[in-house]
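Engineer: My questions all concern the structure below.
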Amino acid sequence: MLKLLRYLRPWFPDIAGVLILVFGATMADLYLPTLMSDIIDKGVMRGDAAYIGRIGAWMLLVTAVSVLGSVVSSWLGSRASAGFGAALRERIFAKVESFSLEEFDRFGPSTLITRSTNDVTQVQMVTLMSLRMMVTAPIMAVGGLVMALSKDRSLTLVFAVTIPVLLIVVLSIFSRALPLFRSIQKKIDRINLVLREGLTGVRVVRAFGREARERERFDEANEDLTSTYIRVNRVMAFMFPSVMLVMNVSSVALLWFGIVRVDRGDMQIGSLMAFIQYSFMILFSFMMFAMMSIMVPRAQAAAVRIGEVLAVEPSIRDPESPKPMGEGARGAVEFRDVTFHYHGAEAAAIEGLSFVAKAGEMTAIVGSTGSGKSTLAKLVPRFYDVDGGHVLVDGVDVRELRQEELRARIGYVPQKPVLFSMTVGDNIRVGIPDDQVAPGDRVAPGDGGAPGDRVARGDGGGAGEPPSRSDAPADGRSVEDLVRSSADIAQATEFIEALENGFDHEVSQGGLNLSGGQKQRLSIARALARRPDIYVFDDCFSALDFRTDARLRARLREVTGEATVIVVAQRVGTVMEADRIIVLDEGRVVGSGTHAELLASCPVYREIAASQLSEERIA
């Protein structure tokens with residue numbers, strides 16, 4: 001947990017204020033029993049009302065200082081701990097954003113969510129408690145012991161027995177609780193995973209009547225977590241009774257020996273009462289340590305889990321000296337003897353893969369399920385790094401380019417459409433770079449976007465060098481026009497306009513209020529709005545009917561123009577008109593050419609075509 005404290009640096013002034021105020025409040029609390037002792041011994045016992053009033057007023061002032069210090073320190077401590085928690089969540093989110101898909105696969109989304117929320121909350125709570133208790137407890141323990149010694153040295157021998165007993169109790173419980181708290185965090189991950197799968201897959205669960213099985217899975221995870229909590233509570237149940245027993249026994253011992261000393265005339269009544277209060281302060285400080293021992297083990301386990309995320313070095317990083325894309329770059333993609341394994345897999349997903357996707361052409365990738373088509377698509381934007389060979393864009397290895405610059409030139413449509421909880425129009429605007437969506441930005445006009453259309457920017461720079469504002473025609477269209485034209489090309493305008501608020505219609509979480517085909521078309525529109533140099537369509541036409549598929553492909557030619565288009569598809573009908581078709585089988589290229597050439601030369605392609613097309617269409 002100490003490694004995470006460096007993120008508290010911006011709140012060091014607040015922490016310093018807390019330490020000063022807590023120190024002042026604690027010293028005031030330590031002074032109060034002495035004042036009370038003076039009132040009894042010098043005021044009450046002597047009948048001096050003026051002295052009682054004077055010291056009483058002084059006690060009220062010291063109490064006010066203690067209360068004010070406690071209130072202000074609590075406010076500063078809360079602000080520092082809340083800021084600390086926010087900083088941790090921000091760091092975790094930024095780190096996770098830098099992860100490659102390999103790190104996502106290794107951790108899993110459920111545990112990353114738990115570590116960003118529950119674990120951070122545990123650390124934040126302990127930080128808040130530590131700023132007060134971990135400062136108050138030692139000052140009160142040491143200060144109380146010093147003040148007690150000033151009242152009577154002989155009685156302090158009672159602490160020689162009680163303090164070691166308290167330490168043994170707290171440390172023994174701490175050692176047993178820490179492993180259990182570590183396991184609790186893992187079991188929370190498990191229950192979050194089961195709950196997340198059950199909720200996101202509720203349609204499949206109901207369709208197959210697996211509600212009982214899902215309840216059983218959840219009950220197993222819930223029971224496992226509950227039983228662990230019970231075991232922890234059994235251990236911690238000994239904490240407070242044990243501490244209170246030691247405190248009460250010590251109090252009885254102090255009263256017994258104290259009264260004897262008062263009776264002998266070795267000690268005054270006021271001093272005995274002050275001594276008893278100081279003893280309670282000393283023992284209460286150990287109670288604070290006991291309370292912290294409940295929270296610290298779980299926070300320590302949470303801090304370790306947070307540290308594991310923050311310590312990960314992403315496997316995909318920008319090079320120290322990135323290469324420029326070069327003048328006149330058009331986005332040609334080349335796979336040169338590429339081999340790739342998924343983490344933990346024995347067999348290669350693709351092996352010895354070589355082909356070129358030229359600018360201005362459509363290159364289609366077909367093959368049976370598991371042949372490596374989607375893997376190939378993920379290597380172009382460098383979601384994974386290859387194990388061997390090279391993926392080149394305009395002759396430059398993607399590992400030698402900045403990830404942001406590379407991906408700014410790619411319009412990627414995943415196999416499974418991903419929509420966000422925002423409006424339909426905003427989901428399409430996600431594809432447009434932020435620096436191109438400023439008010440007043442324009443897009444070169446054209447029916448649905450002419451080849452090479454870009455969002456115009458004043459500086460004329462950026463990926464792909466879009467034309468400057470001065471180059472844009474006077475009748476240039478706004479970004480909203482780009483959004484609508486992209487939706488029109490993606491064959492989405494008709495269903496969008498049928499929605500209640502059109503482009504302002506709110507998309508629910510995961511796009512659950514849209515059909516599969518509608519979500520897919522919005523994903524395609526999002527990529528088209530980017531007007532990139534490279535389009536990667538990862539089997540994104542499968543959810544479309546044949547009529548919509550045909551119309552969309554016909555319009556794509558208008559907007560892709562000189563761009564490089566890579567289409568991964570299951571349907572032969574989708575790729576028949578491609579300039580080049582690459583046939584994959586078990587991760588290797590087994591055929592390359594046009595539709596007619598492959599029918600004559602590639603048995604695998606002909607088998608796929610025969611399973612989907614009639615003899616007349618094949619001929």
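Please note that chains go A, B, ... in the order of the structure tokens, that every chain numbers its residues from 1, and that ligands are numbered from 1 in the order shown.
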Could you pull out the alpha helix (DSSP H) residues of segment 104-345 of chain A, going by DSSP on the backbone, and write them as a ChimeraX atom specification?
Structural biologist: /A:104-107,109-116,118-151,159-200,202-207,211-236,239-264,269-311
Engineer: Might you pull out every residue within 9 Å of Pro179 of chain A, with only C-alpha atoms counted and same-chain residues fewer than 5 positions away left off, and present them as an NGL selection string?
Structural biologist: :A and (184 or 297-298 or 301)
Engineer: Just the residues within 12 Å of Leu149 of chain A, please, counting only C-alpha atoms, with nothing from its chain fewer than 3 positions along; format it as a list in words.
Structural biologist: Val142, Gly143, Gly144, Leu145, Val146, Asp152, Arg153, Ser154, Leu155, Thr156, Leu157, Val158, Phe159, Ser271, Leu272, Ala274, Phe275, Ile276, Tyr278 and Ser279 of chain A
Engineer: Please determine, counting only C-alpha atoms, which residue among A:Met133, A:Gly372, A:Ser523, A:Asp219 has the shortest atom-to-atom distance to Asp585 of chain A.
Structural biologist: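 Smallest distance to Asp585 of chain A is found for A:Gly372.
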Engineer: DSSP on the backbone: what in segment 166-394 of chain A comes out strand (DSSP E), as a list in words?
Structural biologist: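 Matching residues, listed in order: Val333, Glu334, Phe335, Arg336, Asp337, Val338, Thr339, Phe340, Ile350, Glu351, Gly352, Leu353, Ser354, Phe355, Val356, Ala357, Met362, Thr363, Ala364, Ile365, Val366, Gly367, Gly388, Gly389, His390, Val391, Leu392 and Val393 of chain A.
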Engineer: Using only C-alpha atoms, which of A:Arg484, A:Ile534, A:Glu308, A:Val338 sits nearest Arg407 of chain A?
Structural biologist: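 With only C-alpha atoms as the atom set, the closest residue is A:Ile534.
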Engineer: Expressed in Å to a single decimal, how great is the separation between atom CA of Ser374 of chain A and atom CA of Ile489 of chain A?
Structural biologist: 23.8 Å
Engineer: Excluding segment 513-520 of chain A and its own-chain neighbours fewer than 5 positions away, which residues fall within 6 Å of it when counting only C-alpha atoms? Please give them as a PyMOL selection string.
Structural biologist: chain A and resi 417+508+543-544
Engineer: How would the residues just picked look written out with N, CA and C atoms as a short mmCIF file (atom, residue, chain, number, x, y, z; two decimals), in the first residue's frame?
Structural biologist:
```cif
data_model
loop_
_atom_site.label_atom_id
_atom_site.label_comp_id
_atom_site.auth_asym_id
_atom_site.auth_seq_id
_atom_site.Cartn_x
_atom_site.Cartn_y
_atom_site.Cartn_z
N PRO A 417 -20.63 -5.41 -33.02
CA PRO A 417 -20.76 -3.96 -32.92
C PRO A 417 -20.77 -3.49 -31.48
N SER A 508 -29.48 2.78 -25.66
CA SER A 508 -29.35 2.21 -24.32
C SER A 508 -28.00 1.51 -24.18
N ALA A 543 -24.85 -9.44 -40.31
CA ALA A 543 -26.15 -9.16 -39.70
C ALA A 543 -27.10 -8.44 -40.65
N LEU A 544 -26.64 -8.15 -41.88
CA LEU A 544 -27.46 -7.43 -42.84
C LEU A 544 -28.14 -8.40 -43.80
#
```
Engineer: Nearest residue to Pro164 of chain A out of A:Ala87, A:Glu313, A:Gly573, A:Val246, using only C-alpha atoms?
Structural biologist: A:Val246
Engineer: Show which residues sit within 8 Å of Val62 of chain A, as a list in words. Count only C-alpha atoms, and ignore same-chain residues fewer than 3 positions away.
Structural biologist: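 Listing them by chain and then by number gives Ala28, Asp29, Tyr31, Leu32, Trp58, Met59, Val65 and Ser66 of chain A.
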Engineer: Would you pick out the contacts of Ile410 of chain A at 12 Å or less, using only C-alpha atoms, so that residues sharing its chain but fewer than 4 positions from it are not included, and give the list as an MDAnalysis selection string?
Structural biologist: chainID A and resid 330:333 377:382 393 403:406 431:433 463:464 526:537 560 563:566
Engineer: With N, CA and C atoms kept, could you save the residues just selected as a compact mmCIF listing (two decimals), in the first residue's frame?
Structural biologist:
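What landed in result36.txt:
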```txt
# COMPACT_ATOMS: atom_id res chain seq x y z
N ARG A 330 -0.69 6.42 -48.92
CA ARG A 330 -2.06 6.12 -49.34
C ARG A 330 -2.68 4.99 -48.54
N GLY A 331 -1.90 4.30 -47.72
CA GLY A 331 -2.50 3.30 -46.85
C GLY A 331 -2.38 1.87 -47.32
N ALA A 332 -1.48 1.54 -48.22
CA ALA A 332 -1.31 0.15 -48.64
C ALA A 332 -0.87 -0.69 -47.45
N VAL A 333 -1.46 -1.88 -47.31
CA VAL A 333 -1.18 -2.77 -46.18
C VAL A 333 -0.53 -4.04 -46.72
N ALA A 377 -7.52 -9.18 -39.07
CA ALA A 377 -8.07 -7.83 -39.02
C ALA A 377 -7.57 -7.06 -37.80
N LYS A 378 -7.37 -7.76 -36.69
CA LYS A 378 -6.92 -7.09 -35.46
C LYS A 378 -5.45 -6.72 -35.50
N LEU A 379 -4.69 -7.34 -36.39
CA LEU A 379 -3.27 -7.03 -36.48
C LEU A 379 -3.01 -5.74 -37.25
N VAL A 380 -3.94 -5.33 -38.10
CA VAL A 380 -3.72 -4.11 -38.89
C VAL A 380 -3.67 -2.87 -38.00
N PRO A 381 -4.63 -2.66 -37.08
CA PRO A 381 -4.52 -1.51 -36.17
C PRO A 381 -3.61 -1.76 -34.98
N ARG A 382 -2.90 -2.87 -35.00
CA ARG A 382 -1.94 -3.25 -33.96
C ARG A 382 -2.61 -3.43 -32.60
N VAL A 393 2.43 -0.77 -43.28
CA VAL A 393 1.51 0.23 -43.84
C VAL A 393 2.35 1.21 -44.63
N GLN A 403 1.00 4.60 -32.21
CA GLN A 403 -0.30 3.94 -32.28
C GLN A 403 -1.40 4.93 -32.65
N GLU A 404 -1.34 6.13 -32.07
CA GLU A 404 -2.37 7.12 -32.35
C GLU A 404 -2.37 7.51 -33.82
N GLU A 405 -1.17 7.70 -34.38
CA GLU A 405 -1.06 8.09 -35.79
C GLU A 405 -1.53 6.96 -36.70
N LEU A 406 -1.17 5.72 -36.34
CA LEU A 406 -1.59 4.58 -37.14
C LEU A 406 -3.11 4.44 -37.14
N GLY A 431 -16.37 8.31 -34.50
CA GLY A 431 -15.40 8.01 -35.54
C GLY A 431 -14.64 9.22 -36.03
N ILE A 432 -15.11 10.43 -35.72
CA ILE A 432 -14.45 11.64 -36.19
C ILE A 432 -13.48 12.11 -35.12
N PRO A 433 -12.20 12.33 -35.44
CA PRO A 433 -11.24 12.80 -34.44
C PRO A 433 -11.72 14.08 -33.76
N ALA A 463 -3.36 13.36 -39.33
CA ALA A 463 -3.24 12.12 -40.08
C ALA A 463 -3.86 12.25 -41.45
N GLY A 464 -3.13 11.90 -42.43
CA GLY A 464 -3.65 11.88 -43.79
C GLY A 464 -3.67 13.25 -44.45
N ARG A 526 -19.98 4.87 -38.41
CA ARG A 526 -18.94 5.47 -37.57
C ARG A 526 -17.58 5.41 -38.26
N ALA A 527 -17.27 4.28 -38.87
CA ALA A 527 -15.99 4.14 -39.58
C ALA A 527 -15.96 5.02 -40.83
N LEU A 528 -17.09 5.11 -41.52
CA LEU A 528 -17.15 5.93 -42.73
C LEU A 528 -16.98 7.41 -42.41
N ALA A 529 -17.50 7.84 -41.25
CA ALA A 529 -17.39 9.25 -40.87
C ALA A 529 -15.94 9.67 -40.65
N ARG A 530 -15.08 8.71 -40.41
CA ARG A 530 -13.67 9.01 -40.17
C ARG A 530 -12.96 9.39 -41.47
N ARG A 531 -13.46 8.92 -42.61
CA ARG A 531 -12.82 9.13 -43.91
C ARG A 531 -11.33 8.75 -43.84
N PRO A 532 -11.03 7.51 -43.46
CA PRO A 532 -9.63 7.12 -43.27
C PRO A 532 -8.97 6.70 -44.57
N ASP A 533 -7.69 6.36 -44.47
CA ASP A 533 -6.96 5.82 -45.61
C ASP A 533 -7.14 4.30 -45.72
N ILE A 534 -7.47 3.67 -44.58
CA ILE A 534 -7.60 2.21 -44.55
C ILE A 534 -8.92 1.86 -43.88
N TYR A 535 -9.72 1.05 -44.54
CA TYR A 535 -10.96 0.52 -43.96
C TYR A 535 -10.76 -0.95 -43.65
N VAL A 536 -11.12 -1.35 -42.43
CA VAL A 536 -11.08 -2.76 -42.04
C VAL A 536 -12.47 -3.15 -41.58
N PHE A 537 -13.15 -3.96 -42.37
CA PHE A 537 -14.49 -4.44 -42.05
C PHE A 537 -14.37 -5.90 -41.61
N THR A 560 -15.01 5.14 -50.47
CA THR A 560 -13.67 4.60 -50.19
C THR A 560 -12.65 5.10 -51.20
N ALA A 563 -8.84 4.70 -51.00
CA ALA A 563 -8.46 4.09 -49.74
C ALA A 563 -8.24 2.59 -49.91
N THR A 564 -7.53 2.02 -48.96
CA THR A 564 -7.34 0.57 -48.91
C THR A 564 -8.50 -0.04 -48.14
N VAL A 565 -9.15 -1.01 -48.72
CA VAL A 565 -10.32 -1.63 -48.09
C VAL A 565 -10.04 -3.12 -47.87
N ILE A 566 -10.12 -3.54 -46.61
CA ILE A 566 -9.95 -4.94 -46.25
C ILE A 566 -11.28 -5.43 -45.67
```
Engineer: With a distance cut-off of 12 Å and only C-alpha atoms, select the neighbouring residues of Gly43 of chain A, excluding the residue or stretch itself and same-chain residues fewer than 3 positions from it, and output the selection as a PDB file with N, CA and C atoms, in the first residue's frame.
Structural biologist:
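Below you can see selection-v3.pdb, which holds the result:
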```pdb
ATOM      1  N   LEU A  35      -6.252  19.318  34.009  1.00  0.00           N
ATOM      2  CA  LEU A  35      -7.067  20.431  34.494  1.00  0.00           C
ATOM      3  C   LEU A  35      -8.142  19.939  35.453  1.00  0.00           C
ATOM      4  N   MET A  36      -8.769  18.817  35.096  1.00  0.00           N
ATOM      5  CA  MET A  36      -9.786  18.258  35.977  1.00  0.00           C
ATOM      6  C   MET A  36      -9.181  17.862  37.333  1.00  0.00           C
ATOM      7  N   SER A  37      -7.976  17.305  37.299  1.00  0.00           N
ATOM      8  CA  SER A  37      -7.285  16.942  38.532  1.00  0.00           C
ATOM      9  C   SER A  37      -7.043  18.167  39.403  1.00  0.00           C
ATOM     10  N   ASP A  38      -6.661  19.267  38.755  1.00  0.00           N
ATOM     11  CA  ASP A  38      -6.418  20.492  39.514  1.00  0.00           C
ATOM     12  C   ASP A  38      -7.705  21.027  40.126  1.00  0.00           C
ATOM     13  N   ILE A  39      -8.812  20.929  39.386  1.00  0.00           N
ATOM     14  CA  ILE A  39     -10.092  21.403  39.910  1.00  0.00           C
ATOM     15  C   ILE A  39     -10.473  20.638  41.177  1.00  0.00           C
ATOM     16  N   ILE A  40     -10.272  19.303  41.125  1.00  0.00           N
ATOM     17  CA  ILE A  40     -10.652  18.481  42.275  1.00  0.00           C
ATOM     18  C   ILE A  40      -9.719  18.705  43.460  1.00  0.00           C
ATOM     19  N   ARG A  46     -10.559  22.135  48.489  1.00  0.00           N
ATOM     20  CA  ARG A  46     -10.288  23.313  49.307  1.00  0.00           C
ATOM     21  C   ARG A  46     -11.473  24.282  49.353  1.00  0.00           C
ATOM     22  N   GLY A  47     -12.516  23.988  48.548  1.00  0.00           N
ATOM     23  CA  GLY A  47     -13.681  24.853  48.548  1.00  0.00           C
ATOM     24  C   GLY A  47     -13.432  26.190  47.892  1.00  0.00           C
ATOM     25  N   ASP A  48     -12.521  26.250  46.939  1.00  0.00           N
ATOM     26  CA  ASP A  48     -12.159  27.503  46.248  1.00  0.00           C
ATOM     27  C   ASP A  48     -12.996  27.635  44.977  1.00  0.00           C
ATOM     28  N   ALA A  49     -14.152  28.315  45.065  1.00  0.00           N
ATOM     29  CA  ALA A  49     -15.064  28.445  43.926  1.00  0.00           C
ATOM     30  C   ALA A  49     -14.440  29.263  42.804  1.00  0.00           C
ATOM     31  N   ALA A  50     -13.683  30.297  43.153  1.00  0.00           N
ATOM     32  CA  ALA A  50     -13.053  31.139  42.119  1.00  0.00           C
ATOM     33  C   ALA A  50     -12.067  30.328  41.290  1.00  0.00           C
ATOM     34  N   TYR A  51     -11.302  29.487  41.961  1.00  0.00           N
ATOM     35  CA  TYR A  51     -10.334  28.639  41.230  1.00  0.00           C
ATOM     36  C   TYR A  51     -11.063  27.660  40.320  1.00  0.00           C
ATOM     37  N   ILE A  52     -12.188  27.104  40.831  1.00  0.00           N
ATOM     38  CA  ILE A  52     -12.974  26.163  40.006  1.00  0.00           C
ATOM     39  C   ILE A  52     -13.499  26.872  38.761  1.00  0.00           C
ATOM     40  N   GLY A  53     -14.016  28.085  38.905  1.00  0.00           N
ATOM     41  CA  GLY A  53     -14.535  28.821  37.753  1.00  0.00           C
ATOM     42  C   GLY A  53     -13.450  29.168  36.761  1.00  0.00           C
ATOM     43  N   ARG A  54     -12.282  29.595  37.279  1.00  0.00           N
ATOM     44  CA  ARG A  54     -11.173  29.982  36.390  1.00  0.00           C
ATOM     45  C   ARG A  54     -10.658  28.769  35.593  1.00  0.00           C
ATOM     46  N   ILE A  55     -10.415  27.662  36.296  1.00  0.00           N
ATOM     47  CA  ILE A  55      -9.914  26.468  35.604  1.00  0.00           C
ATOM     48  C   ILE A  55     -11.005  25.866  34.718  1.00  0.00           C
ATOM     49  N   GLY A  56     -12.274  25.982  35.155  1.00  0.00           N
ATOM     50  CA  GLY A  56     -13.374  25.481  34.320  1.00  0.00           C
ATOM     51  C   GLY A  56     -13.457  26.224  32.997  1.00  0.00           C
ATOM     52  N   GLY A 270      -7.851  13.588  42.924  1.00  0.00           N
ATOM     53  CA  GLY A 270      -7.843  14.181  41.585  1.00  0.00           C
ATOM     54  C   GLY A 270      -6.805  13.541  40.688  1.00  0.00           C
TER      55      GLY A 270
END
```
Engineer: Enter the distance from atom CA of Gly85 of chain A to atom CA of Asn118 of chain A, in Å, rounded to one decimal.
Structural biologist: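 If I compute the distance from atom CA of Gly85 of chain A to atom CA of Asn118 of chain A, I get 10.7 Å.
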